[in-house]
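**Student:** I'm passing along model-v7.tsv; it holds TSV, C-alpha atoms and all ligand atoms.
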chain	number	residue	atom	x	y	z
T	23	MET	CA	15.66	-100.14	38.05
T	24	THR	CA	17.94	-102.73	39.60
T	25	ASP	CA	21.68	-102.40	40.01
T	26	LYS	CA	23.73	-104.72	37.84
T	27	SER	CA	26.61	-106.64	39.29
T	28	ALA	CA	30.20	-106.40	38.08
T	29	GLN	CA	29.76	-109.85	36.47
T	30	GLN	CA	26.90	-108.62	34.24
T	31	VAL	CA	28.57	-105.36	33.21
T	32	GLY	CA	31.83	-105.04	31.26
T	33	LEU	CA	34.52	-102.48	31.99
T	34	PRO	CA	34.46	-99.09	30.26
T	35	ILE	CA	37.42	-98.27	28.01
T	36	GLY	CA	36.64	-94.75	26.78
T	37	MET	CA	35.54	-91.50	28.39
T	38	LEU	CA	34.46	-88.19	26.90
T	39	ALA	CA	35.38	-85.39	29.32
T	40	GLU	CA	33.40	-82.27	28.46
T	41	LEU	CA	35.59	-79.83	30.37
T	42	THR	CA	33.59	-76.72	29.52
T	43	HIS	CA	30.63	-75.53	27.47
T	44	ARG	CA	32.44	-72.29	26.60
T	45	CYS	CA	33.39	-72.12	22.92
T	46	PRO	CA	34.36	-69.39	20.46
T	47	LEU	CA	32.32	-71.14	17.74
T	48	GLN	CA	28.52	-71.42	17.51
T	49	CYS	CA	27.89	-74.43	15.26
T	50	PRO	CA	24.15	-75.01	14.76
T	51	TYR	CA	24.50	-78.80	15.22
T	52	CYS	CA	26.52	-78.73	18.46
T	53	SER	CA	26.07	-81.88	20.56
T	54	ASN	CA	26.05	-79.87	23.81
T	55	PRO	CA	22.68	-79.41	25.54
T	56	LYS	CA	20.49	-76.44	24.64
T	57	THR	CA	20.92	-75.10	28.17
T	58	LEU	CA	24.66	-74.54	28.34
T	59	LEU	CA	26.55	-74.31	31.61
T	60	LYS	CA	28.41	-71.13	32.49
T	61	ALA	CA	32.08	-71.16	33.54
T	62	ASN	CA	31.26	-70.91	37.26
T	63	ARG	CA	29.57	-74.35	37.10
T	64	GLU	CA	32.68	-76.15	35.82
T	65	LEU	CA	34.48	-78.68	38.03
T	66	PRO	CA	37.72	-77.33	39.48
T	67	THR	CA	41.13	-78.77	38.55
T	68	ALA	CA	41.43	-81.03	41.59
T	69	ASP	CA	38.05	-82.68	40.92
T	70	TRP	CA	38.92	-83.46	37.31
T	71	GLN	CA	42.31	-84.83	38.41
T	72	ARG	CA	40.64	-87.15	40.94
T	73	VAL	CA	38.10	-88.25	38.33
T	74	PHE	CA	40.89	-89.07	35.88
T	75	GLU	CA	42.70	-91.13	38.54
T	76	GLU	CA	39.45	-93.00	39.25
T	77	ALA	CA	38.93	-93.52	35.51
T	78	ALA	CA	42.38	-95.08	35.14
T	79	GLU	CA	41.69	-97.38	38.10
T	80	LEU	CA	38.41	-98.41	36.49
T	81	GLY	CA	40.30	-99.49	33.35
T	82	ILE	CA	39.69	-96.49	31.05
T	83	LEU	CA	42.28	-96.54	28.28
T	84	GLN	CA	41.38	-93.37	26.36
T	85	VAL	CA	40.09	-89.97	27.43
T	86	HIS	CA	38.76	-87.54	24.85
T	87	LEU	CA	39.15	-83.99	26.18
T	88	SER	CA	36.28	-82.06	24.73
T	89	GLY	CA	33.81	-79.24	25.36
T	90	GLY	CA	32.80	-76.70	24.16
T	91	GLU	CA	36.39	-75.81	23.50
T	92	PRO	CA	38.69	-77.59	26.00
T	93	THR	CA	41.66	-75.29	25.39
T	94	LEU	CA	39.68	-72.53	27.14
T	95	ARG	CA	40.50	-74.36	30.38
T	96	ARG	CA	43.72	-72.75	31.61
T	97	ASP	CA	44.52	-75.91	33.58
T	98	LEU	CA	44.43	-78.17	30.52
T	99	GLU	CA	48.17	-78.93	30.73
T	100	GLN	CA	47.75	-80.06	34.36
T	101	LEU	CA	44.83	-82.30	33.38
T	102	VAL	CA	46.77	-83.84	30.50
T	103	GLN	CA	49.71	-84.40	32.85
T	104	THR	CA	47.50	-86.29	35.29
T	105	LEU	CA	46.15	-88.54	32.53
T	106	SER	CA	49.62	-89.15	31.17
T	107	ARG	CA	50.92	-90.07	34.65
T	108	CYS	CA	48.06	-92.58	34.96
T	109	GLY	CA	48.95	-94.13	31.58
T	110	VAL	CA	45.73	-93.01	29.85
T	111	TYR	CA	45.80	-92.11	26.12
T	112	THR	CA	44.72	-88.49	25.68
T	113	ASN	CA	42.95	-87.07	22.66
T	114	LEU	CA	42.21	-83.35	22.38
T	115	ILE	CA	39.01	-82.53	20.47
T	116	THR	CA	39.37	-78.91	19.45
T	117	ALA	CA	37.85	-76.30	17.15
T	118	GLY	CA	41.45	-75.12	16.59
T	119	VAL	CA	40.94	-71.36	16.90
T	120	ASN	CA	42.88	-69.17	19.35
T	121	VAL	CA	45.26	-72.10	19.97
T	122	SER	CA	48.88	-70.99	19.60
T	123	ARG	CA	51.81	-73.18	18.63
T	124	ASP	CA	53.28	-72.63	22.13
T	125	ARG	CA	50.07	-73.86	23.75
T	126	LEU	CA	50.04	-76.99	21.65
T	127	ALA	CA	53.73	-77.55	22.41
T	128	ALA	CA	53.00	-77.22	26.16
T	129	LEU	CA	50.19	-79.77	25.84
T	130	ALA	CA	52.45	-82.14	23.90
T	131	ASP	CA	55.09	-81.74	26.65
T	132	ALA	CA	52.43	-82.57	29.23
T	133	GLY	CA	51.75	-85.85	27.43
T	134	LEU	CA	49.01	-85.14	24.87
T	135	GLU	CA	48.95	-87.94	22.30
T	136	HIS	CA	46.46	-87.01	19.60
T	137	VAL	CA	44.60	-84.00	18.19
T	138	GLN	CA	41.17	-84.16	16.60
T	139	LEU	CA	40.42	-80.93	14.78
T	140	SER	CA	36.91	-80.01	13.64
T	141	ILE	CA	36.63	-78.17	10.32
T	142	GLN	CA	33.19	-76.89	9.37
T	143	GLY	CA	33.74	-76.60	5.61
T	144	ALA	CA	36.45	-77.37	3.05
T	145	ASP	CA	36.72	-73.63	2.35
T	146	ALA	CA	36.91	-70.45	4.41
T	147	GLU	CA	33.45	-69.17	3.54
T	148	THR	CA	31.59	-72.32	4.68
T	149	THR	CA	33.74	-72.80	7.78
T	150	GLU	CA	33.22	-69.22	8.90
T	151	ARG	CA	29.47	-69.19	8.23
T	152	VAL	CA	28.73	-72.51	9.95
T	153	GLY	CA	30.89	-71.77	13.00
T	154	ASN	CA	29.93	-68.05	12.97
T	155	PHE	CA	33.59	-67.14	13.52
T	156	ARG	CA	35.51	-64.88	11.17
T	157	GLY	CA	39.04	-65.99	10.27
T	158	GLY	CA	38.41	-69.48	11.67
T	159	PHE	CA	39.52	-71.42	8.58
T	160	GLU	CA	43.03	-69.92	8.48
T	161	GLN	CA	43.45	-70.51	12.20
T	162	LYS	CA	42.38	-74.15	11.85
T	163	LEU	CA	44.91	-74.73	9.07
T	164	ALA	CA	47.61	-73.26	11.31
T	165	THR	CA	46.55	-75.51	14.22
T	166	ALA	CA	46.76	-78.53	11.92
T	167	ALA	CA	50.25	-77.51	10.78
T	168	HIS	CA	51.45	-76.98	14.38
T	169	THR	CA	50.02	-80.35	15.39
T	170	ARG	CA	51.93	-82.19	12.68
T	171	ALA	CA	55.11	-80.13	13.24
T	172	LEU	CA	55.04	-81.27	16.87
T	173	GLY	CA	54.82	-84.87	15.69
T	174	LEU	CA	51.30	-85.45	17.01
T	175	PRO	CA	48.86	-87.57	14.98
T	176	LEU	CA	45.96	-85.59	13.51
T	177	THR	CA	42.35	-86.47	12.80
T	178	VAL	CA	40.25	-84.03	10.79
T	179	ASN	CA	36.63	-84.13	11.85
T	180	ALA	CA	34.16	-82.96	9.16
T	181	PRO	CA	30.51	-82.77	10.31
T	182	ILE	CA	28.42	-83.09	7.14
T	183	HIS	CA	25.05	-81.48	6.32
T	184	ARG	CA	23.34	-79.74	3.40
T	185	HIS	CA	25.79	-76.82	3.28
T	186	ASN	CA	28.93	-78.92	2.84
T	187	ILE	CA	27.79	-82.30	1.50
T	188	ASP	CA	29.13	-81.26	-1.93
T	189	GLN	CA	32.56	-80.73	-0.39
T	190	VAL	CA	33.35	-84.31	0.60
T	191	ASP	CA	36.02	-84.71	-2.09
T	192	ALA	CA	37.47	-81.31	-1.13
T	193	PHE	CA	37.56	-82.44	2.54
T	194	ILE	CA	39.50	-85.54	1.50
T	195	GLN	CA	42.02	-83.39	-0.40
T	196	LEU	CA	42.25	-80.99	2.56
T	197	ALA	CA	42.97	-83.86	4.96
T	198	LEU	CA	45.73	-85.08	2.63
T	199	ASP	CA	47.18	-81.55	2.32
T	200	LEU	CA	47.17	-81.21	6.12
T	201	ASP	CA	48.99	-84.56	6.44
T	202	ALA	CA	46.19	-85.94	8.62
T	203	ASP	CA	46.23	-89.60	9.59
T	204	ARG	CA	42.49	-89.89	9.70
T	205	LEU	CA	39.44	-88.09	8.33
T	206	GLU	CA	36.10	-88.50	10.03
T	207	ILE	CA	33.20	-87.71	7.69
T	208	ALA	CA	30.39	-87.55	10.22
T	209	ASN	CA	26.85	-86.84	9.06
T	210	VAL	CA	25.16	-84.64	11.62
T	211	GLN	CA	23.06	-86.48	14.23
T	212	TYR	CA	19.69	-84.78	14.67
T	213	TYR	CA	19.10	-84.19	18.36
T	214	GLY	CA	19.69	-81.11	20.57
T	215	TRP	CA	20.84	-78.08	18.53
T	216	ALA	CA	20.84	-80.05	15.27
T	217	TYR	CA	17.22	-81.10	15.88
T	218	LEU	CA	16.29	-77.40	16.17
T	219	ASN	CA	18.11	-76.75	12.89
T	220	ARG	CA	16.91	-79.78	10.94
T	221	SER	CA	15.32	-77.88	8.08
T	222	ALA	CA	18.47	-75.76	7.68
T	223	LEU	CA	20.83	-78.77	7.74
T	224	MET	CA	19.11	-81.82	6.24
T	225	PRO	CA	20.73	-82.92	2.97
T	226	GLU	CA	18.88	-84.39	-0.02
T	227	ARG	CA	18.77	-88.15	-0.53
T	228	GLU	CA	20.55	-88.08	-3.93
T	229	LYS	CA	23.42	-86.13	-2.43
T	230	VAL	CA	23.70	-88.60	0.44
T	231	ASP	CA	23.85	-91.50	-2.03
T	232	ARG	CA	26.52	-89.73	-4.09
T	233	GLN	CA	28.51	-89.04	-0.92
T	234	ILE	CA	28.45	-92.73	0.04
T	235	GLU	CA	29.76	-93.80	-3.39
T	236	LEU	CA	32.48	-91.18	-3.29
T	237	ILE	CA	33.67	-92.24	0.15
T	238	GLU	CA	33.71	-95.92	-0.77
T	239	ARG	CA	35.89	-95.15	-3.79
T	240	ALA	CA	38.22	-92.86	-1.83
T	241	ARG	CA	38.65	-95.46	0.92
T	242	GLU	CA	39.81	-97.94	-1.70
T	243	ASP	CA	42.14	-95.46	-3.44
T	244	LEU	CA	43.68	-94.11	-0.23
T	245	ARG	CA	44.15	-97.38	1.64
T	246	GLY	CA	47.34	-97.07	3.71
T	247	ILE	CA	47.52	-93.29	3.12
T	248	LEU	CA	44.46	-91.82	4.86
T	249	THR	CA	41.95	-93.63	7.04
T	250	ILE	CA	38.43	-92.39	6.33
T	251	ASP	CA	35.82	-93.06	9.00
T	252	PHE	CA	32.23	-92.54	7.95
T	253	VAL	CA	29.28	-91.85	10.24
T	254	THR	CA	26.25	-92.59	8.07
T	255	PRO	CA	23.20	-90.29	7.93
T	256	ASP	CA	20.58	-91.95	10.13
T	257	TYR	CA	17.52	-90.51	8.42
T	258	TYR	CA	18.39	-92.27	5.18
T	259	ALA	CA	19.77	-95.51	6.69
T	260	ASP	CA	18.38	-99.08	6.66
T	261	TYR	CA	19.74	-100.08	10.06
T	262	PRO	CA	20.83	-97.94	13.01
T	263	LYS	CA	24.30	-97.63	14.50
T	264	PRO	CA	25.11	-99.20	17.87
T	265	CYS	CA	25.16	-95.74	19.48
T	266	MET	CA	28.14	-95.38	21.89
T	267	GLY	CA	28.86	-99.06	21.08
T	268	GLY	CA	25.77	-99.90	23.16
T	269	TRP	CA	24.35	-98.02	26.16
T	270	GLY	CA	26.57	-98.41	29.24
T	271	MET	CA	28.75	-100.97	27.44
T	272	ASP	CA	32.23	-99.49	27.08
T	273	ALA	CA	32.15	-95.69	27.24
T	274	PHE	CA	30.52	-92.71	28.94
T	275	ALA	CA	30.62	-88.92	29.08
T	276	ILE	CA	31.06	-86.40	31.91
T	277	THR	CA	29.53	-82.92	31.75
T	278	PRO	CA	31.45	-79.78	32.79
T	279	ASP	CA	29.72	-79.87	36.20
T	280	GLY	CA	30.44	-83.57	36.81
T	281	LYS	CA	27.31	-85.44	35.77
T	282	VAL	CA	28.12	-88.88	34.38
T	283	LEU	CA	26.12	-89.69	31.23
T	284	PRO	CA	25.82	-92.93	29.26
T	285	CYS	CA	26.06	-90.82	26.07
T	286	HIS	CA	26.75	-87.14	25.43
T	287	ALA	CA	23.07	-86.42	24.60
T	288	ALA	CA	21.51	-88.49	27.41
T	289	GLU	CA	20.20	-85.36	29.16
T	290	THR	CA	17.62	-85.06	26.35
T	291	ILE	CA	15.83	-88.06	27.97
T	292	PRO	CA	13.90	-86.36	30.80
T	293	SER	CA	12.98	-89.59	32.61
T	294	LEU	CA	16.64	-90.25	33.50
T	295	THR	CA	18.51	-88.93	36.53
T	296	PHE	CA	22.28	-88.74	36.56
T	297	ASP	CA	24.82	-89.24	39.30
T	298	ASN	CA	27.63	-86.75	39.81
T	299	VAL	CA	31.33	-87.36	40.41
T	300	THR	CA	31.25	-84.89	43.29
T	301	THR	CA	29.07	-87.25	45.34
T	302	LYS	CA	29.91	-90.77	44.11
T	303	SER	CA	32.92	-92.58	42.72
T	304	LEU	CA	33.07	-93.35	39.01
T	305	GLU	CA	33.12	-97.06	39.79
T	306	GLU	CA	29.93	-96.87	41.83
T	307	ILE	CA	28.24	-94.80	39.13
T	308	TRP	CA	29.29	-97.17	36.32
T	309	TYR	CA	27.78	-100.20	38.05
T	310	THR	CA	24.79	-98.81	39.94
T	311	SER	CA	23.56	-95.61	38.27
T	312	SER	CA	19.90	-95.94	37.28
T	313	ALA	CA	20.63	-93.99	34.06
T	314	PHE	CA	23.27	-96.52	32.98
T	315	ASN	CA	21.14	-99.52	33.88
T	316	ALA	CA	18.02	-98.14	32.16
T	317	TYR	CA	18.99	-99.36	28.67
T	318	ARG	CA	21.90	-101.68	29.34
T	319	GLY	CA	21.81	-105.03	27.59
T	320	THR	CA	18.59	-106.09	25.85
T	321	ASP	CA	15.99	-106.74	28.60
T	322	TRP	CA	14.42	-103.27	28.25
T	323	MET	CA	13.67	-103.68	24.55
T	324	GLN	CA	10.24	-103.70	22.91
T	325	GLU	CA	9.37	-105.47	19.67
T	326	PRO	CA	10.65	-105.57	16.98
T	327	CYS	CA	14.08	-105.33	18.69
T	328	ARG	CA	13.25	-107.87	21.43
T	329	SER	CA	13.11	-110.81	19.03
T	330	CYS	CA	15.49	-109.44	16.37
T	331	PRO	CA	18.72	-111.31	15.53
T	332	ARG	CA	20.58	-107.97	15.27
T	333	LYS	CA	19.79	-106.88	18.83
T	334	ASP	CA	23.29	-107.72	20.08
T	335	ILE	CA	24.83	-105.94	17.09
T	336	ASP	CA	23.17	-102.51	17.19
T	337	PHE	CA	21.38	-102.65	20.57
T	338	GLY	CA	18.27	-101.09	19.04
T	339	GLY	CA	20.17	-98.01	17.84
T	340	CYS	CA	20.16	-94.62	19.54
T	341	ARG	CA	17.95	-94.00	22.60
T	342	CYS	CA	18.12	-90.23	22.21
T	343	GLN	CA	17.02	-90.40	18.59
T	344	ALA	CA	14.23	-92.88	19.46
T	345	LEU	CA	12.88	-90.40	22.00
T	346	ALA	CA	13.27	-87.36	19.73
T	347	LEU	CA	11.41	-89.04	16.86
T	348	THR	CA	8.84	-91.28	18.56
T	349	GLY	CA	8.43	-89.78	22.04
T	350	ASP	CA	9.54	-93.10	23.59
T	351	ALA	CA	13.18	-93.73	24.51
T	352	THR	CA	12.57	-97.51	24.62
T	353	ALA	CA	11.28	-97.63	21.04
T	354	THR	CA	13.26	-99.08	18.15
T	355	ASP	CA	15.41	-96.32	16.66
T	356	PRO	CA	13.41	-95.16	13.59
T	357	ALA	CA	16.66	-95.32	11.57
T	358	CYS	CA	15.88	-99.08	11.49
T	359	MET	CA	13.76	-100.24	8.54
T	360	LEU	CA	11.92	-102.59	10.92
T	361	SER	CA	10.67	-99.68	13.03
T	362	PRO	CA	7.01	-98.76	12.41
T	363	HIS	CA	8.22	-95.12	12.21
T	364	HIS	CA	10.93	-95.74	9.60
T	365	ASP	CA	9.04	-94.59	6.49
T	366	ARG	CA	7.89	-91.47	8.30
T	367	ILE	CA	11.44	-90.29	9.06
T	368	GLY	CA	12.53	-90.81	5.45
T	369	GLU	CA	9.59	-88.64	4.35
T	370	LEU	CA	10.30	-86.10	7.08
T	371	ALA	CA	13.94	-85.86	6.01
T	372	ALA	CA	12.91	-85.36	2.36
T	373	ARG	CA	10.48	-82.59	3.40
T	374	GLN	CA	13.07	-80.86	5.53
T	375	ALA	CA	15.65	-81.07	2.77
T	376	GLU	CA	13.14	-79.46	0.38
T	377	MET	CA	12.40	-76.60	2.79
T	378	LYS	CA	15.92	-75.28	2.21
T	379	GLN	CA	15.76	-73.00	5.23
T	380	THR	CA	18.86	-70.84	5.09
T	381	GLU	CA	19.07	-69.22	8.52
T	382	PHE	CA	20.74	-71.12	11.39
T	383	ILE	CA	19.77	-71.01	15.05
T	384	TYR	CA	23.32	-70.67	16.35
T	385	ARG	CA	24.43	-72.36	19.56
T	386	ARG	CA	24.81	-69.79	22.30
T	387	ILE	CA	24.74	-69.42	26.06
T	388	SER	CA	21.34	-67.86	26.69
T	389	ALA	CA	19.87	-65.90	29.56
T	390	ASP	CA	18.31	-69.09	30.97
T	391	SER	CA	21.63	-70.98	30.92
T	392	ALA	CA	22.47	-72.57	34.23
X	1	LIG	FE1	18.41	-103.33	15.44
X	1	LIG	FE2	16.02	-103.32	16.69
X	1	LIG	FE3	16.18	-102.84	14.07
X	1	LIG	FE4	16.65	-105.30	14.99
X	1	LIG	S1	14.68	-104.21	15.09
X	1	LIG	S2	17.84	-104.22	13.43
X	1	LIG	S3	17.69	-104.80	16.97
X	1	LIG	S4	17.05	-101.59	15.74
X	2	LIG	FE1	22.25	-90.88	23.22
X	2	LIG	FE2	22.60	-92.17	20.88
X	2	LIG	S1	23.12	-90.09	21.40
X	2	LIG	S2	22.02	-92.98	22.80
Produce structure tokens that represent the structure in this file.
**Tutor:**
Amino acid sequence: MTDKSAQQVGLPIGMLAELTHRCPLQCPYCSNPKTLLKANRELPTADWQRVFEEAAELGILQVHLSGGEPTLRRDLEQLVQTLSRCGVYTNLITAGVNVSRDRLAALADAGLEHVQLSIQGADAETTERVGNFRGGFEQKLATAAHTRALGLPLTVNAPIHRHNIDQVDAFIQLALDLDADRLEIANVQYYGWAYLNRSALMPEREKVDRQIELIERAREDLRGILTIDFVTPDYYADYPKPCMGGWGMDAFAITPDGKVLPCHAAETIPSLTFDNVTTKSLEEIWYTSSAFNAYRGTDWMQEPCRSCPRKDIDFGGCRCQALALTGDATATDPACMLSPHHDRIGELAARQAEMKQTEFIYRRISADSA
């Protein structure tokens, strides 16, 4: 794979910093890898601070502080302070449990600018079952209230699957009650933990169609009151999403131990190797990393993407999903109706929805974790 010059590659604007894989919740669709890193593998404070300074120099405008649960890092205030000093917009992506008002106030004082709170269900029972954490719903409502009382903007993030797809209208009401600015209705993406749990999570087609109608109506009715972002369910789509806005185009992720990934699930593609911030600068990695250059632009594409007029719109969809469903990361994402595998994934989704498996394989740090 050849390096691409600065002229051929744009500048990144967003970065997902996965500060830790530790988390009090165990959601069965977690986007973290199946082999989770233990605390002793996490980058120390000084390394993250240097990385954030490098990110600002590279032109990054927004950093999403994520995990696992980022508030488990005791140095989070210091990290937010560094970003704030560098003029980078900071968004905290949190599960919102075990986060006190004082902690949030300290983060706001350090310069935090936005909170994105995940809620697993529009009621206590669903939230607690999906996250496998008792009392979680009440704690999340309190975190939302503290966020707004501190004057921080709030996004409610609702990952949708079979167990809560009937709660979309209740999620909208909950977001209004919590005085959120934005609600993200995000249908679960089936790779990693969610792939393992597909037959426990896959919704039925009719419910997906009803959900889409409901969201379109609510968007109209709530214009100017609540912004509703919608991540469509890939298995029932006609065209794929431009995953990450295109591979290596304007954003990247960093793992708790410093690996720089073109997308948060890129480690599911075994043919790729990733550079680490402990041995190379972010700038060098962005331009020269073989993982970033593997699927940048359109030269790597096969047919039907190669000669498709949409190739600069969706960039062939998601590489991780293409690999998971076809065994080939350079294939057209089967979410696309032009993919030779498209009909098969629709049928597969319908079969999994019918299976109605009820038990989850919960995300957990296992004995073979690194
Ligand atoms: Fe997108 Fe490829 Fe499908 Fe064309 S063939 S719409 S580029 S995924
Ligand atoms: Fe990796 Fe879509 S999640 S490219």
**Student:** Please list as a PyMOL selection string every residue within 8 Å of region 355-359 of chain T, counting all atoms listed in the file and excluding residues in the same chain fewer than 5 positions away.
**Tutor:** chain T and resi 256-262+338-341+343-344+347-348+364-365+367
**Student:** Let me make sure I understand: among T:Asn54, T:Glu228, T:Gln71, T:Tyr309, which one has the smallest atom-to-atom distance to ligand LIG 2 (chain X) if we use only C-alpha atoms and all ligand atoms?
**Tutor:**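 Checking each of T:Asn54, T:Glu228, T:Gln71, T:Tyr309 against ligand LIG 2 (chain X), counting only C-alpha atoms and all ligand atoms, the winner is T:Asn54.
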**Student:** Could you work out how far CA of Phe337 (chain T) lies from CA of Pro292 (chain T), giving the answer in Å with one decimal?
**Tutor:**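 Taking CA of Pro292 (chain T) and CA of Phe337 (chain T), their separation equals 20.6 Å.
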**Student:** Fewer than 2 positions away in the same chain doesn't count, so skip those; otherwise give me all residues within 12 Å of Leu58 (chain T), counting only C-alpha atoms, as a count of residues only.
**Tutor:** 32
**Student:** Could you tell me which of T:Ala144, T:Ala171, T:Leu196, T:Leu105 comes closest to Ala127 (chain T) if we count all atoms listed in the file?
**Tutor:**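 For Ala127 (chain T), the nearest of the given residues is T:Ala171.
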**Student:** Between T:Thr148, T:Ser361, T:Gln211, T:Ser312, which has the minimum distance to ligand LIG 2 (chain X) (counting all atoms listed in the file)?
**Tutor:**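 Of the candidates, the smallest distance to ligand LIG 2 (chain X) is held by T:Gln211.
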**Student:** Could you name the residues that touch Gly157 (chain T) at 8 Å or less, counting only C-alpha atoms, but leaving out those on the same chain fewer than 4 positions away, as a JSON list (two decimals) with C-alpha atoms, keeping the file's coordinate frame?
**Tutor:**
[["chain", "number", "residue", "atom", "x", "y", "z"],
["T", 146, "ALA", "CA", 36.91, -70.45, 4.41],
["T", 150, "GLU", "CA", 33.22, -69.22, 8.90],
["T", 161, "GLN", "CA", 43.45, -70.51, 12.20]]
**Student:** Work out how far CA of Ala180 (chain T) is from CA of Ser140 (chain T), in Å to one decimal.
**Tutor:** 6.0 Å
